[in-house]
>>> print(open('query-v2.txt').read())   # compact mmCIF, C-alpha atoms
# COMPACT_ATOMS: atom_id res chain seq x y z
CA MET W 21 118.51 49.72 95.11
CA ASP W 22 120.08 53.14 95.43
CA THR W 23 120.01 55.95 97.95
CA THR W 24 118.43 59.32 97.15
CA PRO W 25 119.01 62.81 98.60
CA GLY W 26 115.55 62.72 100.14
CA GLY W 27 116.47 59.65 102.17
CA GLY W 28 115.24 56.09 101.80
CA HIS W 29 115.65 53.87 98.79
CA VAL W 30 114.18 53.57 95.33
CA LEU W 31 113.90 50.88 92.70
CA ALA W 32 116.70 51.41 90.23
CA ALA W 33 116.16 51.45 86.48
CA ASP W 34 117.33 48.30 84.72
CA ARG W 35 120.36 50.22 83.45
CA PRO W 36 121.35 53.89 83.79
CA GLY W 37 118.86 56.12 82.07
CA ARG W 38 116.63 53.28 80.89
CA PHE W 39 113.23 52.18 82.16
CA GLY W 40 112.68 49.01 80.18
CA PRO W 41 112.56 50.16 76.52
CA TYR W 42 112.02 53.81 77.52
CA GLY W 43 114.27 56.72 78.46
CA GLY W 44 117.79 57.03 77.07
CA ARG W 45 119.54 60.05 75.63
CA TYR W 46 118.71 61.25 72.10
CA VAL W 47 120.44 64.64 71.90
CA PRO W 48 122.92 66.63 69.78
CA GLU W 49 126.53 65.69 70.40
CA ALA W 50 127.15 69.19 71.82
CA LEU W 51 125.06 68.33 74.89
CA VAL W 52 126.59 64.95 75.72
CA ALA W 53 129.45 66.38 77.79
CA ALA W 54 127.07 68.60 79.80
CA LEU W 55 124.71 65.68 80.48
CA ASP W 56 127.64 63.49 81.50
CA GLU W 57 128.86 66.23 83.84
CA LEU W 58 125.38 66.63 85.37
CA ASP W 59 125.04 62.87 85.82
CA ARG W 60 128.49 62.59 87.39
CA GLU W 61 127.95 65.53 89.76
CA TYR W 62 124.48 64.35 90.78
CA THR W 63 125.74 60.85 91.54
CA ALA W 64 128.50 62.31 93.71
CA ALA W 65 126.19 64.84 95.40
CA ALA W 66 123.65 62.14 96.31
CA GLN W 67 126.38 60.44 98.36
CA ASP W 68 127.77 63.69 99.83
CA PRO W 69 126.42 64.40 103.36
CA THR W 70 127.19 68.11 102.96
CA PHE W 71 125.02 68.40 99.84
CA THR W 72 122.13 66.36 101.24
CA ALA W 73 122.21 68.29 104.53
CA GLU W 74 122.11 71.63 102.69
CA LEU W 75 119.20 70.45 100.55
CA ASP W 76 117.28 69.10 103.55
CA HIS W 77 117.89 72.40 105.39
CA LEU W 78 116.45 74.40 102.47
CA LEU W 79 113.47 72.08 102.10
CA THR W 80 112.68 72.52 105.80
CA THR W 81 113.48 76.17 106.49
CA TYR W 82 112.86 77.76 103.07
CA SER W 83 110.21 75.65 101.35
CA GLY W 84 108.32 74.60 104.47
CA ARG W 85 108.52 70.80 104.40
CA PRO W 86 107.07 68.49 105.49
CA THR W 87 103.81 69.51 103.84
CA PRO W 88 100.71 68.30 105.73
CA LEU W 89 98.23 65.56 104.83
CA THR W 90 94.75 67.11 105.03
CA GLU W 91 91.61 65.00 105.38
CA ALA W 92 88.96 66.34 102.99
CA LYS W 93 85.85 65.27 104.92
CA ARG W 94 83.20 67.32 103.12
CA PHE W 95 84.68 66.57 99.68
CA SER W 96 84.75 62.89 100.62
CA ALA W 97 81.09 62.90 101.60
CA GLU W 98 79.73 65.06 98.79
CA ALA W 99 81.98 64.15 95.88
CA ALA W 100 83.69 60.80 96.49
CA ALA W 101 80.85 58.52 97.62
CA GLY W 102 82.12 58.65 101.19
CA ALA W 103 85.57 57.25 100.43
CA ARG W 104 88.16 58.83 102.72
CA VAL W 105 90.10 61.36 100.60
CA LEU W 106 93.41 62.64 102.01
CA LEU W 107 95.16 65.55 100.30
CA LYS W 108 98.98 65.73 100.21
CA ARG W 109 99.36 69.51 100.37
CA GLU W 110 102.16 70.35 97.95
CA ASP W 111 100.21 73.56 97.31
CA LEU W 112 101.52 74.78 100.67
CA ASN W 113 105.15 74.76 99.55
CA HIS W 114 106.91 78.10 99.09
CA THR W 115 106.04 79.30 95.53
CA GLY W 116 102.81 77.29 95.62
CA SER W 117 103.61 73.89 94.13
CA HIS W 118 105.77 70.77 94.27
CA LYS W 119 108.17 72.30 91.70
CA ILE W 120 110.35 73.89 94.38
CA ASN W 121 111.48 70.42 95.64
CA ASN W 122 113.25 69.71 92.36
CA VAL W 123 114.51 73.21 91.68
CA LEU W 124 116.29 73.69 94.98
CA GLY W 125 118.26 70.49 94.32
CA GLN W 126 119.11 71.41 90.72
CA ALA W 127 120.13 74.96 91.70
CA LEU W 128 122.49 73.55 94.33
CA LEU W 129 123.91 71.24 91.64
CA THR W 130 124.44 74.25 89.36
CA LYS W 131 126.56 75.94 92.01
CA ARG W 132 128.41 72.69 92.68
CA ILE W 133 129.28 72.44 88.97
CA GLY W 134 130.45 76.06 89.01
CA LYS W 135 128.01 77.58 86.48
CA GLN W 136 126.35 80.96 87.08
CA ARG W 137 123.44 80.91 84.59
CA VAL W 138 120.33 78.73 84.60
CA ILE W 139 117.61 78.30 81.98
CA ALA W 140 114.27 76.54 82.33
CA GLU W 141 111.06 75.87 80.45
CA THR W 142 107.62 76.33 81.96
CA GLY W 143 104.01 75.67 81.03
CA ALA W 144 101.75 76.78 83.87
CA GLY W 145 104.54 78.97 85.18
CA GLN W 146 105.02 77.14 88.47
CA HIS W 147 108.37 75.62 87.44
CA GLY W 148 109.43 79.00 86.09
CA VAL W 149 108.51 80.73 89.35
CA ALA W 150 110.33 78.08 91.39
CA THR W 151 113.44 78.37 89.19
CA ALA W 152 113.40 82.19 89.37
CA THR W 153 113.03 81.92 93.15
CA ALA W 154 115.98 79.54 93.60
CA ALA W 155 118.09 81.64 91.21
CA ALA W 156 117.40 84.76 93.25
CA LEU W 157 118.23 82.91 96.46
CA MET W 158 121.54 81.62 95.11
CA GLY W 159 122.58 84.61 92.97
CA LEU W 160 122.24 82.93 89.57
CA GLU W 161 121.28 84.58 86.26
CA CYS W 162 117.94 83.12 85.16
CA VAL W 163 116.18 82.88 81.78
CA ILE W 164 112.76 81.21 81.47
CA TYR W 165 111.27 80.00 78.15
CA MET W 166 107.47 79.97 78.02
CA GLY W 167 105.03 79.44 75.18
CA GLU W 168 103.32 82.65 74.07
CA GLU W 169 99.89 81.10 74.62
CA ASP W 170 100.90 80.14 78.16
CA THR W 171 102.21 83.66 78.93
CA ARG W 172 98.69 84.88 78.11
CA ARG W 173 96.80 82.38 80.27
CA GLN W 174 99.36 82.49 83.11
CA ALA W 175 100.12 86.23 83.13
CA LEU W 176 100.31 86.36 86.93
CA ASN W 177 103.18 83.88 86.99
CA VAL W 178 105.00 85.82 84.24
CA ALA W 179 104.85 88.88 86.49
CA ARG W 180 106.09 86.84 89.47
CA MET W 181 109.10 85.56 87.51
CA GLN W 182 110.01 89.08 86.40
CA LEU W 183 109.67 90.45 89.94
CA LEU W 184 112.10 87.74 91.06
CA GLY W 185 114.65 88.98 88.51
CA ALA W 186 114.25 86.39 85.75
CA THR W 187 114.06 87.13 82.02
CA VAL W 188 110.95 85.55 80.50
CA VAL W 189 111.24 84.71 76.78
CA PRO W 190 107.86 84.14 75.05
CA VAL W 191 108.06 81.38 72.41
CA SER W 192 105.90 82.05 69.36
CA THR W 193 106.64 78.91 67.33
CA GLY W 194 104.46 75.81 66.96
CA SER W 195 101.52 75.57 69.34
CA ARG W 196 103.17 78.28 71.54
CA THR W 197 102.93 76.00 74.62
CA LEU W 198 105.22 73.85 76.77
CA LYS W 199 106.56 71.63 73.96
CA ASP W 200 107.81 74.66 72.08
CA ALA W 201 109.27 76.23 75.23
CA ILE W 202 111.37 73.07 75.77
CA ASN W 203 112.57 73.23 72.15
CA GLU W 204 113.82 76.80 72.63
CA ALA W 205 115.43 76.04 76.00
CA LEU W 206 117.34 73.13 74.42
CA ARG W 207 118.55 75.45 71.64
CA ASP W 208 119.79 77.94 74.25
CA TRP W 209 121.58 75.14 76.12
CA VAL W 210 123.37 73.94 72.99
CA THR W 211 124.58 77.49 72.36
CA ASN W 212 125.60 78.35 75.93
CA VAL W 213 126.45 74.99 77.44
CA GLU W 214 129.82 76.13 78.83
CA THR W 215 128.21 78.68 81.16
CA THR W 216 124.66 77.44 81.58
CA ASN W 217 122.83 74.64 83.38
CA TYR W 218 119.36 73.55 82.24
CA VAL W 219 117.03 73.17 85.24
CA PHE W 220 114.56 70.70 83.73
CA GLY W 221 111.08 70.81 85.23
CA THR W 222 109.75 67.29 84.93
CA VAL W 223 110.69 63.60 84.74
CA ALA W 224 111.08 63.74 80.94
CA GLY W 225 114.03 64.69 78.73
CA PRO W 226 117.37 62.94 78.25
CA HIS W 227 119.20 60.99 80.96
CA PRO W 228 119.86 61.95 83.77
CA PHE W 229 116.81 64.26 84.05
CA PRO W 230 114.08 61.59 84.52
CA THR W 231 116.03 59.98 87.37
CA LEU W 232 117.35 63.22 88.84
CA VAL W 233 113.94 64.93 88.98
CA ARG W 234 112.28 61.73 90.26
CA ASP W 235 114.73 61.45 93.13
CA LEU W 236 114.26 65.11 94.10
CA GLN W 237 110.45 64.77 94.03
CA ARG W 238 110.34 61.41 95.80
CA ILE W 239 110.14 63.17 99.16
CA ILE W 240 106.41 63.75 98.46
CA GLY W 241 105.65 60.04 98.64
CA VAL W 242 108.08 59.34 101.47
CA GLU W 243 106.26 61.87 103.65
CA ALA W 244 102.76 60.86 102.48
CA ARG W 245 103.35 57.15 103.15
CA GLN W 246 104.32 57.77 106.77
CA GLN W 247 101.58 60.38 107.27
CA VAL W 248 98.79 58.09 106.08
CA LEU W 249 100.10 55.30 108.32
CA ASP W 250 100.11 57.70 111.29
CA LEU W 251 96.60 58.96 110.50
CA THR W 252 94.79 55.76 109.54
CA GLY W 253 97.01 52.93 110.80
CA ARG W 254 97.24 51.43 107.32
CA LEU W 255 98.35 52.12 103.78
CA PRO W 256 95.85 53.68 101.35
CA ASP W 257 93.87 51.69 98.80
CA ALA W 258 94.85 54.12 96.05
CA VAL W 259 97.18 57.03 95.33
CA ALA W 260 96.07 59.53 92.65
CA ALA W 261 97.95 62.30 90.85
CA CYS W 262 97.63 64.33 87.66
CA VAL W 263 100.06 63.55 84.83
CA GLY W 264 101.50 65.93 82.27
CA GLY W 265 105.24 65.35 82.14
CA GLY W 266 104.66 63.46 85.37
CA SER W 267 106.90 64.89 88.10
CA ASN W 268 104.32 65.23 90.88
CA ALA W 269 102.88 61.81 90.03
CA ILE W 270 106.20 59.97 90.07
CA GLY W 271 107.11 61.91 93.22
CA ILE W 272 104.21 60.47 95.19
CA PHE W 273 104.02 57.09 93.40
CA HIS W 274 107.58 56.01 94.00
CA ALA W 275 107.47 55.42 97.73
CA PHE W 276 104.43 53.15 97.18
CA ILE W 277 105.68 51.10 94.21
CA ASP W 278 106.74 48.15 96.36
CA ASP W 279 103.36 48.18 98.19
CA ALA W 280 101.49 45.81 95.90
CA ASP W 281 98.11 46.44 97.55
CA VAL W 282 98.28 50.20 96.89
CA ALA W 283 96.85 51.03 93.45
CA LEU W 284 98.52 53.90 91.59
CA TYR W 285 96.40 56.11 89.31
CA GLY W 286 97.65 58.82 86.97
CA PHE W 287 95.02 61.13 85.48
CA GLU W 288 95.90 62.73 82.15
CA ALA W 289 94.39 65.79 80.50
CA GLY W 290 91.48 64.64 78.35
CA GLY W 291 90.88 68.20 77.06
CA ASP W 292 87.67 68.36 75.02
CA GLY W 293 87.53 64.54 75.12
CA VAL W 294 89.94 61.94 73.72
CA ALA W 295 87.55 61.15 70.87
CA THR W 296 87.74 64.78 69.65
CA GLY W 297 91.50 64.67 69.13
CA ARG W 298 91.87 67.84 71.25
CA HIS W 299 93.51 66.46 74.38
CA ALA W 300 96.84 65.73 76.10
CA ALA W 301 96.18 62.10 77.08
CA THR W 302 99.62 60.90 76.04
CA ILE W 303 99.60 57.42 77.54
CA THR W 304 95.93 56.74 76.83
CA ALA W 305 96.06 57.75 73.16
CA GLY W 306 99.78 57.90 72.32
CA SER W 307 102.42 55.44 71.17
CA PRO W 308 106.17 54.99 71.80
CA GLY W 309 108.50 57.44 70.08
CA VAL W 310 111.23 59.99 70.77
CA LEU W 311 110.55 63.51 72.03
CA HIS W 312 112.89 65.97 73.76
CA GLY W 313 115.73 63.51 74.10
CA ALA W 314 113.97 60.43 75.47
CA ARG W 315 111.89 57.49 74.24
CA SER W 316 108.45 57.37 75.79
CA TYR W 317 104.76 57.50 74.91
CA LEU W 318 103.85 60.58 72.89
CA LEU W 319 101.11 61.94 70.67
CA GLN W 320 102.26 61.49 67.07
CA ASP W 321 100.89 60.94 63.59
CA ASP W 322 101.57 58.04 61.24
CA MET W 323 104.78 59.75 60.06
CA GLY W 324 106.11 60.11 63.60
CA GLN W 325 105.47 63.85 63.74
CA THR W 326 104.37 65.15 67.15
CA ILE W 327 100.71 66.14 67.34
CA GLU W 328 99.77 69.32 69.19
CA SER W 329 98.12 68.73 72.55
CA HIS W 330 95.25 70.58 74.19
CA SER W 331 94.13 71.11 77.76
CA ILE W 332 92.55 73.87 79.79
CA SER W 333 95.52 73.31 82.10
CA ALA W 334 98.75 74.86 80.80
CA GLY W 335 100.79 72.56 83.04
CA LEU W 336 99.33 69.40 81.48
CA ASP W 337 99.30 70.69 77.89
CA TYR W 338 102.22 68.54 76.70
CA PRO W 339 102.25 65.73 74.08
CA GLY W 340 104.85 63.60 75.92
CA VAL W 341 105.31 61.98 79.33
CA GLY W 342 108.24 60.86 81.47
CA PRO W 343 109.68 57.48 80.43
CA GLU W 344 109.25 55.90 83.87
CA HIS W 345 105.48 56.39 83.57
CA SER W 346 105.56 54.52 80.25
CA TRP W 347 107.39 51.69 82.00
CA LEU W 348 104.90 51.63 84.90
CA LYS W 349 102.02 51.59 82.41
CA ASP W 350 103.41 48.67 80.39
CA ALA W 351 104.24 46.76 83.60
CA GLY W 352 100.69 47.25 84.84
CA ARG W 353 101.91 48.81 88.06
CA ALA W 354 100.10 52.11 87.44
CA VAL W 355 96.84 52.86 85.64
CA TYR W 356 96.43 56.00 83.53
CA GLU W 357 93.05 57.50 82.61
CA PRO W 358 91.97 60.72 80.87
CA VAL W 359 89.94 63.40 82.65
CA ASP W 360 88.37 66.01 80.37
CA ASP W 361 88.27 69.75 81.01
CA ALA W 362 84.66 69.74 82.24
CA GLU W 363 85.29 66.96 84.78
CA ALA W 364 88.39 68.70 86.07
CA MET W 365 86.64 72.04 86.45
CA GLU W 366 83.72 70.45 88.30
CA ALA W 367 86.21 68.89 90.75
CA PHE W 368 87.89 72.31 91.04
CA ARG W 369 84.54 73.86 91.97
CA LEU W 370 83.72 71.13 94.46
CA LEU W 371 87.00 71.42 96.37
CA CYS W 372 86.58 75.20 96.59
CA ARG W 373 83.05 74.87 97.95
CA THR W 374 83.55 71.90 100.28
CA GLU W 375 87.04 72.45 101.73
CA GLY W 376 87.90 76.13 101.21
CA ILE W 377 90.89 75.17 99.08
CA ILE W 378 91.39 76.60 95.57
CA PRO W 379 93.42 73.93 93.74
CA ALA W 380 95.52 74.26 90.61
CA ILE W 381 93.60 73.11 87.53
CA GLU W 382 96.35 70.51 87.06
CA SER W 383 95.58 69.03 90.49
CA SER W 384 91.84 69.18 89.75
CA HIS W 385 92.33 66.36 87.24
CA ALA W 386 93.50 64.15 90.13
CA LEU W 387 90.55 65.30 92.25
CA ALA W 388 88.18 64.32 89.45
CA GLY W 389 89.94 60.97 89.38
CA ALA W 390 89.39 60.58 93.12
CA ARG W 391 85.67 61.06 92.56
CA ARG W 392 85.70 58.10 90.14
CA LEU W 393 87.77 56.01 92.52
CA GLY W 394 85.37 56.77 95.37
CA GLU W 395 82.48 55.42 93.29
CA ARG W 396 84.46 52.28 92.38
CA LEU W 397 86.07 51.50 95.72
CA GLY W 398 83.26 52.48 98.10
CA PRO W 399 83.06 54.25 101.46
CA ASP W 400 85.64 52.07 103.22
CA ALA W 401 88.42 53.10 100.85
CA VAL W 402 91.29 55.47 101.66
CA ILE W 403 92.50 57.56 98.69
CA VAL W 404 95.55 59.84 98.82
CA VAL W 405 95.48 62.67 96.25
CA ASN W 406 98.58 64.68 95.49
CA LEU W 407 97.42 68.30 95.50
CA SER W 408 100.37 69.40 93.42
CA GLY W 409 99.74 73.14 93.39
CA ARG W 410 97.47 75.97 94.43
CA GLY W 411 95.07 77.71 92.08
CA ASP W 412 95.93 81.39 92.45
CA LYS W 413 97.39 81.35 88.94
CA ASP W 414 94.20 79.80 87.55
CA VAL W 415 91.66 82.20 89.01
CA ASP W 416 91.18 84.10 85.72
CA THR W 417 90.67 80.86 83.76
CA ALA W 418 88.28 79.44 86.35
CA ALA W 419 86.32 82.68 86.73
CA LYS W 420 85.76 82.82 82.97
CA TRP W 421 84.87 79.10 82.84
CA PHE W 422 82.19 79.56 85.51
CA GLY W 423 80.93 82.85 84.06
CA ILE W 424 82.09 84.96 86.98
CA MET W 425 84.38 87.06 84.75
CA ASP W 426 83.94 88.05 81.11
CA GLU W 427 86.67 88.00 78.45
CA ALA W 428 87.47 91.66 79.17
CA GLY W 429 88.24 90.76 82.79
CA ASP W 430 85.16 92.40 84.30
CA VAL W 431 83.71 90.53 87.27
CA ALA W 432 79.98 89.93 87.33
CA THR W 433 78.42 90.30 90.79
CA VAL W 434 75.08 88.86 91.79
CA ALA W 435 73.56 92.34 91.52
CA SER W 436 74.92 92.93 88.02
CA ARG W 437 73.79 89.50 86.89
CA GLU W 438 70.29 90.04 88.21
CA ALA W 439 70.20 93.47 86.57
CA SER W 440 71.07 91.88 83.23
CA GLY W 441 68.63 89.05 83.72
CA GLY W 442 71.40 86.47 84.19
CA GLU W 443 71.79 83.88 86.90
CA PRO W 444 74.61 83.94 89.46
CA ALA W 445 77.22 81.24 88.97
>>> encode(input="query-v2.txt", output="structure tokens")
Amino acid sequence: MDTTPGGGHVLAADRPGRFGPYGGRYVPEALVAALDELDREYTAAAQDPTFTAELDHLLTTYSGRPTPLTEAKRFSAEAAAGARVLLKREDLNHTGSHKINNVLGQALLTKRIGKQRVIAETGAGQHGVATATAAALMGLECVIYMGEEDTRRQALNVARMQLLGATVVPVSTGSRTLKDAINEALRDWVTNVETTNYVFGTVAGPHPFPTLVRDLQRIIGVEARQQVLDLTGRLPDAVAACVGGGSNAIGIFHAFIDDADVALYGFEAGGDGVATGRHAATITAGSPGVLHGARSYLLQDDMGQTIESHSISAGLDYPGVGPEHSWLKDAGRAVYEPVDDAEAMEAFRLLCRTEGIIPAIESSHALAGARRLGERLGPDAVIVVNLSGRGDKDVDTAAKWFGIMDEAGDVATVASREASGGEPA
């Protein structure tokens, strides 16, 4: 057992940086010293009351923690067969997602190490916005790498990062999504490692990132566990979260791992359907290999080459997953299932209409999973869903999906639809 900055205790990996056969550090020699320095400084900071007090102060007074647990009564009745669905509201954090929990800690570590420049990768833009925010707060130079395709579908977040003073670098190689953004960020880090810290956004990558990010996100589950006990007098039957790289999922799972009666469900991006090959269901359809410095499940061909992923959600459009999720899958402690684009968007629509909450499309995969769990577990079940982010950034995508907006960005009103003979969405 070891102590984390968020308080409490966690199960330790079987050896540093390893989760069973997964994890490790597969990187160029030029990065080893920087990773060792980050590991050493994080280990010291986690035991330093000054560091943990400063982080807790920022989480409370800047980010707005603790985030509430909201009972979704109408969603429960109309979409989850009456099972009691409770939403952990990470969407109410400053910057609109759980990403700020991790970034505030890593930005403080950057200052502790004495570096003045941070780089980050981002898919949906939420990690990029959080990093740009923390950099502005702490006076750090900030460069964000983002796939060109993602800059198009998440243009609002690109503008937010630039307003916060960050430089956004579109990546035009490969599939022009998150995988390629990470490749470019790693190249930058190798070149500028003496002056730059890499603020990694998820529980993937080389050691110590999977452990470091997990510890900084674990506060989600610590809060949720106590909140559900206070609200219902018992632990939930299931905890559900979406899984791309897996930071929000491991954040809420970890406080429940020792609770054997609480089932843990990770819902991956099934894209057009796993059978079509156009998906990002890494654990469901992948196999063990090495990607971005760690061994874990990934989508790869027979030659070990990474296969491009696909999802309507930029934040889940990644062919790898954090190594601890691979370990939990093999151990049978967590179950991972794909949710396709259509299922996720239907859950998105239902939460909007029943609860007045516009969720991130990433989180909508977990909501779709909760609908399945409600059918399986019945009306007496309690299901906690990690609502990892809000959907402001996804309004264009959703409006086009539901036919409210055309490709040119023009919004169709009821009157215009009726005039053209169409039906309102």
>>> atom_distance(input="query-v2.txt", atom1="atom CA of Thr211 of chain W", atom2="atom CA of Met323 of chain W")
29.3 Å
>>> closest_residue(input="query-v2.txt", among="W:Val47, W:Leu318, W:Leu176, W:Val294", to="Asp414 of chain W", atoms="all atoms listed in the file")
W:Leu176
>>> atom_distance(input="query-v2.txt", atom1="atom CA of Leu157 of chain W", atom2="atom CA of Ala186 of chain W")
11.9 Å
>>> atom_distance(input="query-v2.txt", atom1="atom CA of Gln136 of chain W", atom2="atom CA of Glu110 of chain W")
28.6 Å
>>> closest_residue(input="query-v2.txt", among="W:Glu288, W:Glu141, W:Asp59, W:Asp111", to="Gly84 of chain W", atoms="all atoms listed in the file")
W:Asp111
>>> closest_residue(input="query-v2.txt", among="W:Pro36, W:Pro190, W:Gly313, W:Gly145", to="Asp412 of chain W", atoms="only C-alpha atoms")
W:Gly145
>>> build_atoms(input="query-v2.txt", residues="segment 112-120 of chain W", atoms="all heavy atoms", output="PDB file, keeping the file's coordinate frame")
ATOM      1  N   LEU W 112     101.067  73.944  99.568  1.00  0.00           N
ATOM      2  CA  LEU W 112     101.520  74.780 100.670  1.00  0.00           C
ATOM      3  C   LEU W 112     103.034  74.996 100.684  1.00  0.00           C
ATOM      4  O   LEU W 112     103.562  75.669 101.571  1.00  0.00           O
ATOM      5  CB  LEU W 112     101.070  74.176 102.015  1.00  0.00           C
ATOM      6  CG  LEU W 112      99.546  74.130 102.198  1.00  0.00           C
ATOM      7  CD1 LEU W 112      99.188  73.540 103.557  1.00  0.00           C
ATOM      8  CD2 LEU W 112      98.932  75.520 102.046  1.00  0.00           C
ATOM      9  N   ASN W 113     103.727  74.442  99.702  1.00  0.00           N
ATOM     10  CA  ASN W 113     105.150  74.760  99.550  1.00  0.00           C
ATOM     11  C   ASN W 113     105.356  76.235  99.224  1.00  0.00           C
ATOM     12  O   ASN W 113     104.506  76.875  98.597  1.00  0.00           O
ATOM     13  CB  ASN W 113     105.753  73.954  98.385  1.00  0.00           C
ATOM     14  CG  ASN W 113     106.257  72.603  98.806  1.00  0.00           C
ATOM     15  OD1 ASN W 113     107.024  72.486  99.747  1.00  0.00           O
ATOM     16  ND2 ASN W 113     105.832  71.569  98.093  1.00  0.00           N
ATOM     17  N   HIS W 114     106.522  76.786  99.574  1.00  0.00           N
ATOM     18  CA  HIS W 114     106.910  78.100  99.090  1.00  0.00           C
ATOM     19  C   HIS W 114     106.884  78.094  97.561  1.00  0.00           C
ATOM     20  O   HIS W 114     107.344  77.132  96.942  1.00  0.00           O
ATOM     21  CB  HIS W 114     108.331  78.428  99.578  1.00  0.00           C
ATOM     22  CG  HIS W 114     108.837  79.759  99.105  1.00  0.00           C
ATOM     23  ND1 HIS W 114     108.088  80.907  99.154  1.00  0.00           N
ATOM     24  CD2 HIS W 114     110.025  80.130  98.568  1.00  0.00           C
ATOM     25  CE1 HIS W 114     108.777  81.926  98.680  1.00  0.00           C
ATOM     26  NE2 HIS W 114     109.964  81.479  98.302  1.00  0.00           N
ATOM     27  N   THR W 115     106.310  79.107  96.966  1.00  0.00           N
ATOM     28  CA  THR W 115     106.040  79.300  95.530  1.00  0.00           C
ATOM     29  C   THR W 115     104.774  78.578  95.069  1.00  0.00           C
ATOM     30  O   THR W 115     104.371  78.730  93.928  1.00  0.00           O
ATOM     31  CB  THR W 115     107.207  78.931  94.596  1.00  0.00           C
ATOM     32  OG1 THR W 115     107.366  77.516  94.537  1.00  0.00           O
ATOM     33  CG2 THR W 115     108.511  79.578  95.035  1.00  0.00           C
ATOM     34  N   GLY W 116     104.142  77.764  95.925  1.00  0.00           N
ATOM     35  CA  GLY W 116     102.810  77.290  95.620  1.00  0.00           C
ATOM     36  C   GLY W 116     102.675  75.972  94.886  1.00  0.00           C
ATOM     37  O   GLY W 116     101.576  75.646  94.418  1.00  0.00           O
ATOM     38  N   SER W 117     103.744  75.193  94.784  1.00  0.00           N
ATOM     39  CA  SER W 117     103.610  73.890  94.130  1.00  0.00           C
ATOM     40  C   SER W 117     104.778  72.988  94.514  1.00  0.00           C
ATOM     41  O   SER W 117     105.719  73.412  95.190  1.00  0.00           O
ATOM     42  CB  SER W 117     103.550  74.035  92.598  1.00  0.00           C
ATOM     43  OG  SER W 117     104.855  74.205  92.071  1.00  0.00           O
ATOM     44  N   HIS W 118     104.701  71.739  94.020  1.00  0.00           N
ATOM     45  CA  HIS W 118     105.770  70.770  94.270  1.00  0.00           C
ATOM     46  C   HIS W 118     107.057  71.125  93.538  1.00  0.00           C
ATOM     47  O   HIS W 118     108.114  70.561  93.826  1.00  0.00           O
ATOM     48  CB  HIS W 118     105.315  69.380  93.822  1.00  0.00           C
ATOM     49  CG  HIS W 118     105.223  69.229  92.327  1.00  0.00           C
ATOM     50  ND1 HIS W 118     104.279  69.890  91.563  1.00  0.00           N
ATOM     51  CD2 HIS W 118     105.966  68.514  91.444  1.00  0.00           C
ATOM     52  CE1 HIS W 118     104.442  69.585  90.298  1.00  0.00           C
ATOM     53  NE2 HIS W 118     105.461  68.748  90.187  1.00  0.00           N
ATOM     54  N   LYS W 119     107.008  72.026  92.565  1.00  0.00           N
ATOM     55  CA  LYS W 119     108.170  72.300  91.700  1.00  0.00           C
ATOM     56  C   LYS W 119     109.396  72.727  92.493  1.00  0.00           C
ATOM     57  O   LYS W 119     110.530  72.469  92.082  1.00  0.00           O
ATOM     58  CB  LYS W 119     107.810  73.354  90.664  1.00  0.00           C
ATOM     59  CG  LYS W 119     106.740  72.931  89.662  1.00  0.00           C
ATOM     60  CD  LYS W 119     107.234  71.824  88.737  1.00  0.00           C
ATOM     61  CE  LYS W 119     106.232  71.524  87.638  1.00  0.00           C
ATOM     62  NZ  LYS W 119     106.679  70.411  86.761  1.00  0.00           N
ATOM     63  N   ILE W 120     109.216  73.375  93.625  1.00  0.00           N
ATOM     64  CA  ILE W 120     110.350  73.890  94.380  1.00  0.00           C
ATOM     65  C   ILE W 120     111.246  72.749  94.890  1.00  0.00           C
ATOM     66  O   ILE W 120     112.462  72.928  95.042  1.00  0.00           O
ATOM     67  CB  ILE W 120     109.872  74.782  95.552  1.00  0.00           C
ATOM     68  CG1 ILE W 120     111.015  75.594  96.152  1.00  0.00           C
ATOM     69  CG2 ILE W 120     109.176  73.968  96.624  1.00  0.00           C
ATOM     70  CD1 ILE W 120     111.469  76.744  95.304  1.00  0.00           C
TER      71      ILE W 120
END
